[in-house]
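K.L.:
You'll find query_11.tsv just under this line, and it carries TSV, C-alpha atoms.
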chain	number	residue	atom	x	y	z
A	1	MET	CA	0.72	10.42	-8.93
A	2	GLN	CA	-2.05	8.12	-7.72
A	3	LEU	CA	-4.92	6.89	-9.88
A	4	SER	CA	-7.77	4.47	-9.22
A	5	PHE	CA	-10.59	2.57	-10.87
A	6	ASP	CA	-13.46	0.34	-9.82
A	7	TYR	CA	-13.55	-3.33	-10.74
A	8	GLY	CA	-16.76	-4.95	-9.55
A	9	ASN	CA	-17.06	-4.11	-5.86
A	10	THR	CA	-13.33	-3.42	-5.54
A	11	THR	CA	-11.54	-0.08	-5.88
A	12	ILE	CA	-7.94	-0.47	-7.01
A	13	ASN	CA	-5.58	2.40	-6.26
A	14	PHE	CA	-2.16	2.54	-7.88
A	15	ASP	CA	0.89	4.78	-7.92
A	16	LEU	CA	1.85	5.96	-11.41
A	17	SER	CA	5.26	7.05	-12.64
A	18	TYR	CA	6.61	7.60	-16.13
A	19	ARG	CA	9.83	6.29	-17.64
A	20	LYS	CA	11.47	6.23	-21.04
A	21	ARG	CA	10.23	2.76	-22.00
A	22	LYS	CA	8.00	1.05	-24.56
A	23	THR	CA	5.78	-1.07	-22.33
A	24	LEU	CA	3.69	-0.61	-19.21
A	25	ALA	CA	4.82	-2.45	-16.06
A	26	ILE	CA	2.66	-3.34	-13.04
A	27	THR	CA	4.03	-4.49	-9.69
A	28	VAL	CA	2.13	-5.54	-6.58
A	29	THR	CA	3.91	-5.53	-3.23
A	30	ALA	CA	2.83	-6.33	0.30
A	31	PRO	CA	0.57	-5.58	1.89
A	32	ASP	CA	-1.53	-3.67	-0.65
A	33	LYS	CA	0.62	-1.49	-2.87
A	34	VAL	CA	0.14	-1.41	-6.64
A	35	SER	CA	2.71	0.48	-8.72
A	36	VAL	CA	2.60	1.21	-12.44
A	37	VAL	CA	5.42	2.47	-14.65
A	38	ALA	CA	4.19	3.80	-18.00
A	39	PRO	CA	5.90	5.03	-21.16
A	40	LEU	CA	6.35	8.78	-21.43
A	41	GLY	CA	3.34	10.49	-23.01
A	42	LEU	CA	0.87	7.64	-22.53
A	43	LYS	CA	-2.53	9.15	-21.62
A	44	GLU	CA	-4.05	8.44	-18.22
A	45	GLU	CA	-7.21	7.00	-19.80
A	46	MET	CA	-5.15	4.45	-21.72
A	47	ILE	CA	-3.12	3.60	-18.63
A	48	ILE	CA	-6.25	2.97	-16.58
A	49	ASP	CA	-7.70	0.79	-19.34
A	50	ARG	CA	-4.54	-1.31	-19.52
A	51	VAL	CA	-4.25	-1.67	-15.75
A	52	LYS	CA	-7.96	-2.51	-15.53
A	53	SER	CA	-7.44	-5.34	-18.03
A	54	LYS	CA	-5.07	-6.86	-15.45
A	55	ALA	CA	-7.49	-6.38	-12.55
A	56	PRO	CA	-8.12	-10.13	-11.92
A	57	TRP	CA	-4.37	-10.72	-11.66
A	58	ILE	CA	-3.90	-7.67	-9.40
A	59	ILE	CA	-6.71	-8.74	-7.07
A	60	LYS	CA	-5.31	-12.27	-6.86
A	61	LYS	CA	-1.87	-10.91	-5.97
A	62	LEU	CA	-3.32	-8.54	-3.36
A	63	GLN	CA	-5.26	-11.37	-1.74
A	64	GLY	CA	-2.12	-13.49	-1.58
A	65	LEU	CA	-0.21	-10.69	0.14
A	66	LYS	CA	-2.85	-9.36	2.52
A	67	ASP	CA	-1.68	-11.44	5.49
A	68	ILE	CA	1.91	-10.21	5.20
A	69	SER	CA	2.66	-7.56	7.77
A	70	PRO	CA	4.49	-4.42	6.62
A	71	PRO	CA	7.82	-3.62	8.30
A	72	VAL	CA	7.55	-2.09	11.76
A	73	LYS	CA	8.66	1.54	11.80
A	74	LYS	CA	12.14	1.80	13.28
A	75	GLU	CA	12.84	3.88	16.37
A	76	TYR	CA	16.64	3.49	16.18
A	77	VAL	CA	17.12	2.24	19.72
A	78	ASN	CA	19.17	-0.58	21.22
A	79	GLY	CA	17.92	-4.06	20.40
A	80	GLU	CA	16.12	-3.29	17.14
A	81	THR	CA	17.00	-5.54	14.23
A	82	PHE	CA	18.26	-4.47	10.81
A	83	LEU	CA	18.65	-6.62	7.72
A	84	TYR	CA	22.03	-6.94	6.08
A	85	LEU	CA	22.58	-9.51	3.30
A	86	GLY	CA	19.53	-11.44	4.44
A	87	THR	CA	20.50	-11.66	8.12
A	88	ASN	CA	18.96	-9.70	10.98
A	89	TYR	CA	21.51	-7.89	13.14
A	90	PHE	CA	20.76	-6.25	16.48
A	91	LEU	CA	21.45	-2.53	16.75
A	92	GLN	CA	23.88	-1.50	19.47
A	93	LEU	CA	24.36	2.17	20.30
A	94	VAL	CA	27.53	3.36	21.99
A	95	THR	CA	27.92	6.95	23.18
A	96	ASP	CA	31.06	8.93	22.38
A	97	GLU	CA	30.51	12.64	22.93
A	98	THR	CA	33.69	13.55	21.04
A	99	LEU	CA	32.26	12.47	17.69
A	100	LYS	CA	30.86	15.07	15.30
A	101	LYS	CA	28.75	12.51	13.47
A	102	PRO	CA	27.82	8.85	14.09
A	103	MET	CA	30.03	5.98	12.93
A	104	VAL	CA	28.58	2.63	11.83
A	105	ARG	CA	30.14	-0.82	11.42
A	106	LEU	CA	29.47	-4.52	11.91
A	107	TYR	CA	30.92	-5.75	15.17
A	108	GLN	CA	30.40	-9.14	16.85
A	109	ASP	CA	27.18	-9.91	14.96
A	110	LYS	CA	25.74	-6.46	15.69
A	111	ILE	CA	25.33	-3.24	13.77
A	112	LEU	CA	27.30	-0.93	16.01
A	113	VAL	CA	26.58	2.80	15.92
A	114	ILE	CA	28.96	5.04	17.84
A	115	THR	CA	27.27	8.37	18.34
A	116	SER	CA	27.46	11.52	20.42
A	117	SER	CA	23.67	11.63	20.85
A	118	ARG	CA	20.65	9.35	20.58
A	119	ASP	CA	18.97	11.50	17.95
A	120	GLY	CA	16.94	9.06	15.85
A	121	ALA	CA	17.15	11.09	12.64
A	122	ALA	CA	20.94	11.33	12.80
A	123	ILE	CA	21.30	7.64	13.58
A	124	ARG	CA	18.96	6.71	10.73
A	125	GLN	CA	20.94	8.81	8.25
A	126	ALA	CA	24.21	7.29	9.46
A	127	ILE	CA	22.81	3.78	8.93
A	128	ILE	CA	21.56	4.71	5.44
A	129	ASP	CA	24.99	6.13	4.56
A	130	TRP	CA	26.59	2.90	5.79
A	131	TYR	CA	24.17	0.79	3.77
A	132	ARG	CA	24.95	2.86	0.66
A	133	SER	CA	28.69	2.40	1.16
A	134	GLN	CA	28.35	-1.34	1.71
A	135	ALA	CA	26.03	-1.65	-1.29
A	136	SER	CA	28.52	0.16	-3.52
A	137	LYS	CA	31.34	-2.19	-2.51
A	138	LYS	CA	29.26	-5.36	-2.77
A	139	ILE	CA	27.65	-4.49	-6.10
A	140	GLN	CA	31.01	-3.60	-7.64
A	141	ASP	CA	32.40	-6.89	-6.37
A	142	ARG	CA	29.56	-8.88	-7.94
A	143	ILE	CA	29.83	-6.97	-11.23
A	144	ASN	CA	33.54	-7.82	-11.30
A	145	TYR	CA	32.61	-11.47	-10.75
A	146	TYR	CA	29.88	-11.70	-13.39
A	147	HIS	CA	30.72	-9.23	-16.15
A	148	HIS	CA	32.97	-11.62	-18.08
A	149	LYS	CA	30.00	-13.98	-18.46
A	150	ILE	CA	28.13	-11.13	-20.15
A	151	GLY	CA	31.01	-9.87	-22.25
A	152	LYS	CA	30.28	-6.24	-21.45
A	153	ASN	CA	31.11	-3.75	-18.73
A	154	PRO	CA	28.75	-0.99	-17.56
A	155	ALA	CA	29.72	2.54	-18.53
A	156	ARG	CA	28.86	3.82	-15.07
A	157	ILE	CA	27.45	2.42	-11.81
A	158	THR	CA	25.26	4.56	-9.55
A	159	ILE	CA	23.89	3.65	-6.12
A	160	LYS	CA	20.77	5.57	-5.15
A	161	GLU	CA	17.30	5.23	-3.66
A	162	GLN	CA	14.64	4.23	-6.16
A	163	ARG	CA	11.05	4.17	-5.01
A	164	THR	CA	9.76	1.40	-7.26
A	165	ARG	CA	12.84	-0.26	-8.78
A	166	TRP	CA	15.72	-2.41	-7.54
A	167	GLY	CA	17.87	-1.61	-10.53
A	168	SER	CA	17.85	-0.16	-14.03
A	169	CYS	CA	19.99	0.04	-17.15
A	170	SER	CA	20.08	2.99	-19.54
A	171	SER	CA	20.61	2.92	-23.29
A	172	LEU	CA	24.07	4.36	-22.62
A	173	GLY	CA	25.03	1.32	-20.57
A	174	ASN	CA	24.74	3.04	-17.19
A	175	LEU	CA	23.54	0.81	-14.34
A	176	ASN	CA	21.58	2.15	-11.37
A	177	PHE	CA	21.00	0.14	-8.20
A	178	ASN	CA	18.81	0.76	-5.20
A	179	TRP	CA	21.00	0.73	-2.08
A	180	LYS	CA	18.32	-1.26	-0.24
A	181	ILE	CA	19.30	-4.44	-2.10
A	182	ILE	CA	22.20	-4.75	0.36
A	183	MET	CA	19.54	-5.95	2.82
A	184	ALA	CA	18.62	-8.92	0.61
A	185	PRO	CA	20.26	-12.36	0.78
A	186	SER	CA	23.38	-12.60	-1.39
A	187	PRO	CA	21.72	-14.85	-4.04
A	188	VAL	CA	18.95	-12.27	-4.48
A	189	LEU	CA	21.41	-9.39	-4.72
A	190	ASP	CA	23.28	-11.39	-7.34
A	191	TYR	CA	20.04	-11.86	-9.28
A	192	ILE	CA	19.47	-8.09	-9.40
A	193	VAL	CA	23.07	-7.44	-10.47
A	194	VAL	CA	23.03	-10.08	-13.21
A	195	HIS	CA	19.57	-8.95	-14.36
A	196	GLU	CA	20.88	-5.45	-15.02
A	197	LEU	CA	24.12	-6.71	-16.57
A	198	CYS	CA	22.06	-8.74	-19.04
A	199	HIS	CA	20.35	-5.53	-20.09
A	200	LEU	CA	23.71	-4.38	-21.45
A	201	VAL	CA	23.15	-7.02	-24.12
A	202	HIS	CA	19.35	-6.99	-24.39
A	203	LEU	CA	17.73	-3.69	-23.34
A	204	ASN	CA	14.35	-5.40	-23.01
A	205	HIS	CA	12.69	-8.44	-21.44
A	206	SER	CA	12.65	-10.54	-24.57
A	207	LYS	CA	13.08	-14.30	-24.70
A	208	ASP	CA	16.76	-13.76	-25.54
A	209	PHE	CA	17.15	-11.67	-22.39
A	210	TRP	CA	15.67	-14.35	-20.12
A	211	ASN	CA	17.69	-17.08	-21.87
A	212	LEU	CA	20.89	-15.14	-21.23
A	213	LEU	CA	19.94	-14.64	-17.59
A	214	ALA	CA	19.12	-18.35	-17.21
A	215	SER	CA	22.46	-19.33	-18.73
A	216	ILE	CA	24.19	-17.46	-15.88
A	217	LEU	CA	21.72	-18.09	-13.05
A	218	PRO	CA	19.73	-21.25	-13.83
A	219	ASP	CA	17.68	-20.76	-10.64
A	220	TYR	CA	16.93	-17.08	-11.29
A	221	GLN	CA	13.17	-17.68	-11.06
A	222	GLU	CA	13.48	-18.76	-7.41
A	223	ARG	CA	15.55	-15.68	-6.61
A	224	ARG	CA	13.11	-13.47	-8.50
A	225	GLU	CA	10.15	-14.99	-6.63
A	226	TRP	CA	11.85	-14.33	-3.28
A	227	LEU	CA	12.20	-10.67	-4.24
A	228	LYS	CA	8.56	-10.44	-5.30
A	229	LYS	CA	7.35	-11.93	-2.00
A	230	ASN	CA	9.82	-10.33	0.38
A	231	GLY	CA	11.00	-7.16	-1.31
A	232	PHE	CA	8.72	-5.07	0.92
A	233	SER	CA	10.86	-6.04	3.92
A	234	LEU	CA	13.96	-4.41	2.44
A	235	ASP	CA	13.28	-1.02	3.95
A	236	LEU	CA	13.82	1.14	7.01
Kindly transcribe the structure held in the file into structure tokens.
P.N.:
Amino acid sequence: MQLSFDYGNTTINFDLSYRKRKTLAITVTAPDKVSVVAPLGLKEEMIIDRVKSKAPWIIKKLQGLKDISPPVKKEYVNGETFLYLGTNYFLQLVTDETLKKPMVRLYQDKILVITSSRDGAAIRQAIIDWYRSQASKKIQDRINYYHHKIGKNPARITIKEQRTRWGSCSSLGNLNFNWKIIMAPSPVLDYIVVHELCHLVHLNHSKDFWNLLASILPDYQERREWLKKNGFSLDL
């Protein structure tokens, strides 16, 4: 759902979604996207009032991001670049007419796609499936590395596509991660993983939560800032 309001001479449009949460969250991403996550049942009039109270901050963020170019739409042809763990890899397509569906792997500093056709949609889906698989392995590896620092294990780990979130933690201890974080540099991916692991202890963003996060990743603010500024680039 999209809502809007006027603030001075500026019209601010924002995407609204609802979650089971107590507070309202506002995010601004390049070049001009404003997203709001509101508690279930909160009336639209109240949401607009609360977002409007943050208008000066939103406008400042939008102005700071306006010169950042959005990702170029992929055509899935030889020579295009794709992010993987913070590094751009060139796409190389190899034809093998015996294959029923494309195969994807890293090979000699390239993302190699072996495919029976050059159908862009099929190649895109194959790359997404590969990203999901790599994300699942990497996230599990990092959870195995960090969980003892938290003292808790997640009940379940799910890798999916989330439109406005990089990760989430449920009250049941289930962790969800956006597969697109596999495109981010390893320190940023670690930040997202540790952030959600900390929610197993503090299911909020209280001072205790941030103190726990800082005790594990003392430089978490730098990693968080990278995600805020560059998260828009983690997309296809």
K.L.:
Rounded to one decimal place, report the CA of Lys66 in chain A-CA of Pro31 in chain A distance in Å.
P.N.:
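Pair CA of Lys66 in chain A / CA of Pro31 in chain A returns 5.1 Å.
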K.L.:
Hey, can you check how far CA of Val194 in chain A sits from CA of Leu213 in chain A?
P.N.:
7.0 Å
K.L.:
Using only C-alpha atoms, can you list as an MDAnalysis selection string the residues within 12 Å of (31.5, -4.5, -7.8)?
P.N.:
chainID A and resid 133:147 153:154 156:159 175 177 189:190 193:194 197
K.L.:
Would you compute the distance between CA of Asp96 in chain A and CA of Thr115 in chain A? Give it in Å to one decimal.
P.N.:
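Distance reported for this atom pair: 5.6 Å.
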K.L.:
Can you tell me which residues surround Lys20 in chain A at a distance of at most 10 Å, considering all atoms listed in the file, apart from same-chain residues fewer than 4 positions away, and format the answer as a list of chain:residue names?
P.N.:
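Everything that qualifies: A:Val37, A:Ala38, A:Pro39, A:Leu40, A:Gly41, A:Ser170, A:Ser171.
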K.L.:
Between A:Lys43, A:Asp32, A:Ile26, A:Ala55, which one has atoms that come closest to Thr10 in chain A, using only C-alpha atoms?
P.N.:
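Closest residue, counting only C-alpha atoms: A:Ala55.
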K.L.:
Which is closest to Arg224 in chain A among A:Tyr191, A:Ile47, A:Glu161, A:Cys198, if we use only C-alpha atoms?
P.N.:
A:Tyr191
K.L.:
For Asn88 in chain A, which of A:Arg124, A:Glu222, A:Gly167, A:Met183 is the closest residue, counting all atoms listed in the file?
P.N.:
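So, comparing all the options, the nearest one is A:Met183.
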K.L.:
Between A:Gly231, A:Ser215, A:Trp210, A:Pro185, which has the minimum distance to Leu65 in chain A (counting only C-alpha atoms)?
P.N.:
A:Gly231
K.L.:
What's the 12 Å shell around Asp49 in chain A, counting only C-alpha atoms, without same-chain residues fewer than 3 positions away, as a VMD selection string?
P.N.:
chain A and resid 3 to 7 24 42 to 46 52 to 55
K.L.:
Write to file, as a PDB file, in the frame of the given file, the residues of the selection just made, with C-alpha atoms.
P.N.:
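selection02.pdb, written as the output of this step:
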ATOM      1  CA  LEU A   3      -4.920   6.890  -9.880  1.00  0.00           C
ATOM      2  CA  SER A   4      -7.770   4.470  -9.220  1.00  0.00           C
ATOM      3  CA  PHE A   5     -10.590   2.570 -10.870  1.00  0.00           C
ATOM      4  CA  ASP A   6     -13.460   0.340  -9.820  1.00  0.00           C
ATOM      5  CA  TYR A   7     -13.550  -3.330 -10.740  1.00  0.00           C
ATOM      6  CA  LEU A  24       3.690  -0.610 -19.210  1.00  0.00           C
ATOM      7  CA  LEU A  42       0.870   7.640 -22.530  1.00  0.00           C
ATOM      8  CA  LYS A  43      -2.530   9.150 -21.620  1.00  0.00           C
ATOM      9  CA  GLU A  44      -4.050   8.440 -18.220  1.00  0.00           C
ATOM     10  CA  GLU A  45      -7.210   7.000 -19.800  1.00  0.00           C
ATOM     11  CA  MET A  46      -5.150   4.450 -21.720  1.00  0.00           C
ATOM     12  CA  LYS A  52      -7.960  -2.510 -15.530  1.00  0.00           C
ATOM     13  CA  SER A  53      -7.440  -5.340 -18.030  1.00  0.00           C
ATOM     14  CA  LYS A  54      -5.070  -6.860 -15.450  1.00  0.00           C
ATOM     15  CA  ALA A  55      -7.490  -6.380 -12.550  1.00  0.00           C
TER      16      ALA A  55
END
K.L.:
Pick out the closest residue to Ile111 in chain A from this set: A:Gly8, A:Gly79, A:Gly64, A:Pro218. Count all atoms listed in the file.
P.N.:
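Of all the options, A:Gly79 lies closest to Ile111 in chain A.
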K.L.:
Here's a test: counting all atoms listed in the file, identify every protein, DNA and RNA residue with an atom at most 9 Å from (16.4, -7.8, 6.9) in the file's coordinate frame, and state them as a list in words.
P.N.:
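Those residues lying close to the given coordinates are Thr81, Phe82, Leu83, Tyr84, Leu85, Gly86, Thr87, Asn88, Tyr89, Met183, Ala184, Pro185, Ser233, Leu234 and Asp235 of chain A.
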K.L.:
Take the selection from the previous step and output its residues with C-alpha atoms, as a PDB file, keeping the file's coordinate frame.
P.N.:
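The file below, result_0.pdb, is the result:
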ATOM      1  CA  THR A  81      17.000  -5.540  14.230  1.00  0.00           C
ATOM      2  CA  PHE A  82      18.260  -4.470  10.810  1.00  0.00           C
ATOM      3  CA  LEU A  83      18.650  -6.620   7.720  1.00  0.00           C
ATOM      4  CA  TYR A  84      22.030  -6.940   6.080  1.00  0.00           C
ATOM      5  CA  LEU A  85      22.580  -9.510   3.300  1.00  0.00           C
ATOM      6  CA  GLY A  86      19.530 -11.440   4.440  1.00  0.00           C
ATOM      7  CA  THR A  87      20.500 -11.660   8.120  1.00  0.00           C
ATOM      8  CA  ASN A  88      18.960  -9.700  10.980  1.00  0.00           C
ATOM      9  CA  TYR A  89      21.510  -7.890  13.140  1.00  0.00           C
ATOM     10  CA  MET A 183      19.540  -5.950   2.820  1.00  0.00           C
ATOM     11  CA  ALA A 184      18.620  -8.920   0.610  1.00  0.00           C
ATOM     12  CA  PRO A 185      20.260 -12.360   0.780  1.00  0.00           C
ATOM     13  CA  SER A 233      10.860  -6.040   3.920  1.00  0.00           C
ATOM     14  CA  LEU A 234      13.960  -4.410   2.440  1.00  0.00           C
ATOM     15  CA  ASP A 235      13.280  -1.020   3.950  1.00  0.00           C
TER      16      ASP A 235
END
K.L.:
Measuring between only C-alpha atoms, which one of A:Gly173, A:Leu91, A:Lys149, A:Ser35 shows the shortest distance to Leu212 in chain A?
P.N.:
A:Lys149
K.L.:
How would range 27-57 of chain A read, as a CSV table (one decimal), in the frame of the given file, once N, CA and C atoms are built in?
P.N.:
chain,number,residue,atom,x,y,z
A,27,THR,N,3.5,-3.7,-10.8
A,27,THR,CA,4.0,-4.5,-9.7
A,27,THR,C,3.1,-4.4,-8.5
A,28,VAL,N,3.0,-5.5,-7.8
A,28,VAL,CA,2.1,-5.5,-6.6
A,28,VAL,C,3.0,-6.0,-5.4
A,29,THR,N,3.1,-5.2,-4.4
A,29,THR,CA,3.9,-5.5,-3.2
A,29,THR,C,3.1,-5.5,-2.0
A,30,ALA,N,3.5,-6.2,-1.0
A,30,ALA,CA,2.8,-6.3,0.3
A,30,ALA,C,2.8,-5.0,1.0
A,31,PRO,N,1.8,-4.7,1.8
A,31,PRO,CA,0.6,-5.6,1.9
A,31,PRO,C,-0.5,-5.3,0.8
A,32,ASP,N,-0.5,-4.0,0.3
A,32,ASP,CA,-1.5,-3.7,-0.6
A,32,ASP,C,-1.1,-2.6,-1.6
A,33,LYS,N,0.1,-2.6,-2.0
A,33,LYS,CA,0.6,-1.5,-2.9
A,33,LYS,C,0.7,-1.9,-4.3
A,34,VAL,N,0.1,-1.2,-5.2
A,34,VAL,CA,0.1,-1.4,-6.6
A,34,VAL,C,0.9,-0.2,-7.3
A,35,SER,N,1.9,-0.5,-8.1
A,35,SER,CA,2.7,0.5,-8.7
A,35,SER,C,2.7,0.2,-10.2
A,36,VAL,N,2.6,1.3,-11.0
A,36,VAL,CA,2.6,1.2,-12.4
A,36,VAL,C,3.6,2.2,-13.0
A,37,VAL,N,4.5,1.6,-13.9
A,37,VAL,CA,5.4,2.5,-14.6
A,37,VAL,C,5.0,2.5,-16.1
A,38,ALA,N,4.7,3.7,-16.6
A,38,ALA,CA,4.2,3.8,-18.0
A,38,ALA,C,5.2,4.5,-18.9
A,39,PRO,N,5.1,4.3,-20.2
A,39,PRO,CA,5.9,5.0,-21.2
A,39,PRO,C,5.6,6.5,-21.1
A,40,LEU,N,6.6,7.3,-21.4
A,40,LEU,CA,6.4,8.8,-21.4
A,40,LEU,C,5.3,9.1,-22.5
A,41,GLY,N,4.4,10.0,-22.1
A,41,GLY,CA,3.3,10.5,-23.0
A,41,GLY,C,2.1,9.7,-23.1
A,42,LEU,N,2.1,8.5,-22.5
A,42,LEU,CA,0.9,7.6,-22.5
A,42,LEU,C,-0.2,8.3,-21.7
A,43,LYS,N,-1.4,8.5,-22.3
A,43,LYS,CA,-2.5,9.2,-21.6
A,43,LYS,C,-3.1,8.3,-20.4
A,44,GLU,N,-3.6,9.1,-19.4
A,44,GLU,CA,-4.0,8.4,-18.2
A,44,GLU,C,-5.2,7.5,-18.5
A,45,GLU,N,-6.1,7.9,-19.5
A,45,GLU,CA,-7.2,7.0,-19.8
A,45,GLU,C,-6.7,5.7,-20.3
A,46,MET,N,-5.7,5.7,-21.2
A,46,MET,CA,-5.2,4.4,-21.7
A,46,MET,C,-4.5,3.6,-20.6
A,47,ILE,N,-3.8,4.3,-19.7
A,47,ILE,CA,-3.1,3.6,-18.6
A,47,ILE,C,-4.1,2.9,-17.8
A,48,ILE,N,-5.2,3.6,-17.4
A,48,ILE,CA,-6.2,3.0,-16.6
A,48,ILE,C,-6.9,1.8,-17.3
A,49,ASP,N,-7.1,1.9,-18.6
A,49,ASP,CA,-7.7,0.8,-19.3
A,49,ASP,C,-6.8,-0.4,-19.3
A,50,ARG,N,-5.5,-0.2,-19.5
A,50,ARG,CA,-4.5,-1.3,-19.5
A,50,ARG,C,-4.4,-2.0,-18.1
A,51,VAL,N,-4.4,-1.1,-17.1
A,51,VAL,CA,-4.2,-1.7,-15.8
A,51,VAL,C,-5.5,-2.4,-15.4
A,52,LYS,N,-6.7,-1.9,-15.8
A,52,LYS,CA,-8.0,-2.5,-15.5
A,52,LYS,C,-8.1,-3.9,-16.2
A,53,SER,N,-7.4,-4.0,-17.4
A,53,SER,CA,-7.4,-5.3,-18.0
A,53,SER,C,-6.7,-6.4,-17.2
A,54,LYS,N,-5.8,-5.9,-16.3
A,54,LYS,CA,-5.1,-6.9,-15.4
A,54,LYS,C,-5.7,-7.0,-14.1
A,55,ALA,N,-6.9,-6.4,-13.9
A,55,ALA,CA,-7.5,-6.4,-12.6
A,55,ALA,C,-7.6,-7.8,-11.9
A,56,PRO,N,-8.0,-8.8,-12.6
A,56,PRO,CA,-8.1,-10.1,-11.9
A,56,PRO,C,-6.8,-10.6,-11.4
A,57,TRP,N,-5.7,-10.4,-12.1
A,57,TRP,CA,-4.4,-10.7,-11.7
A,57,TRP,C,-4.0,-9.9,-10.5
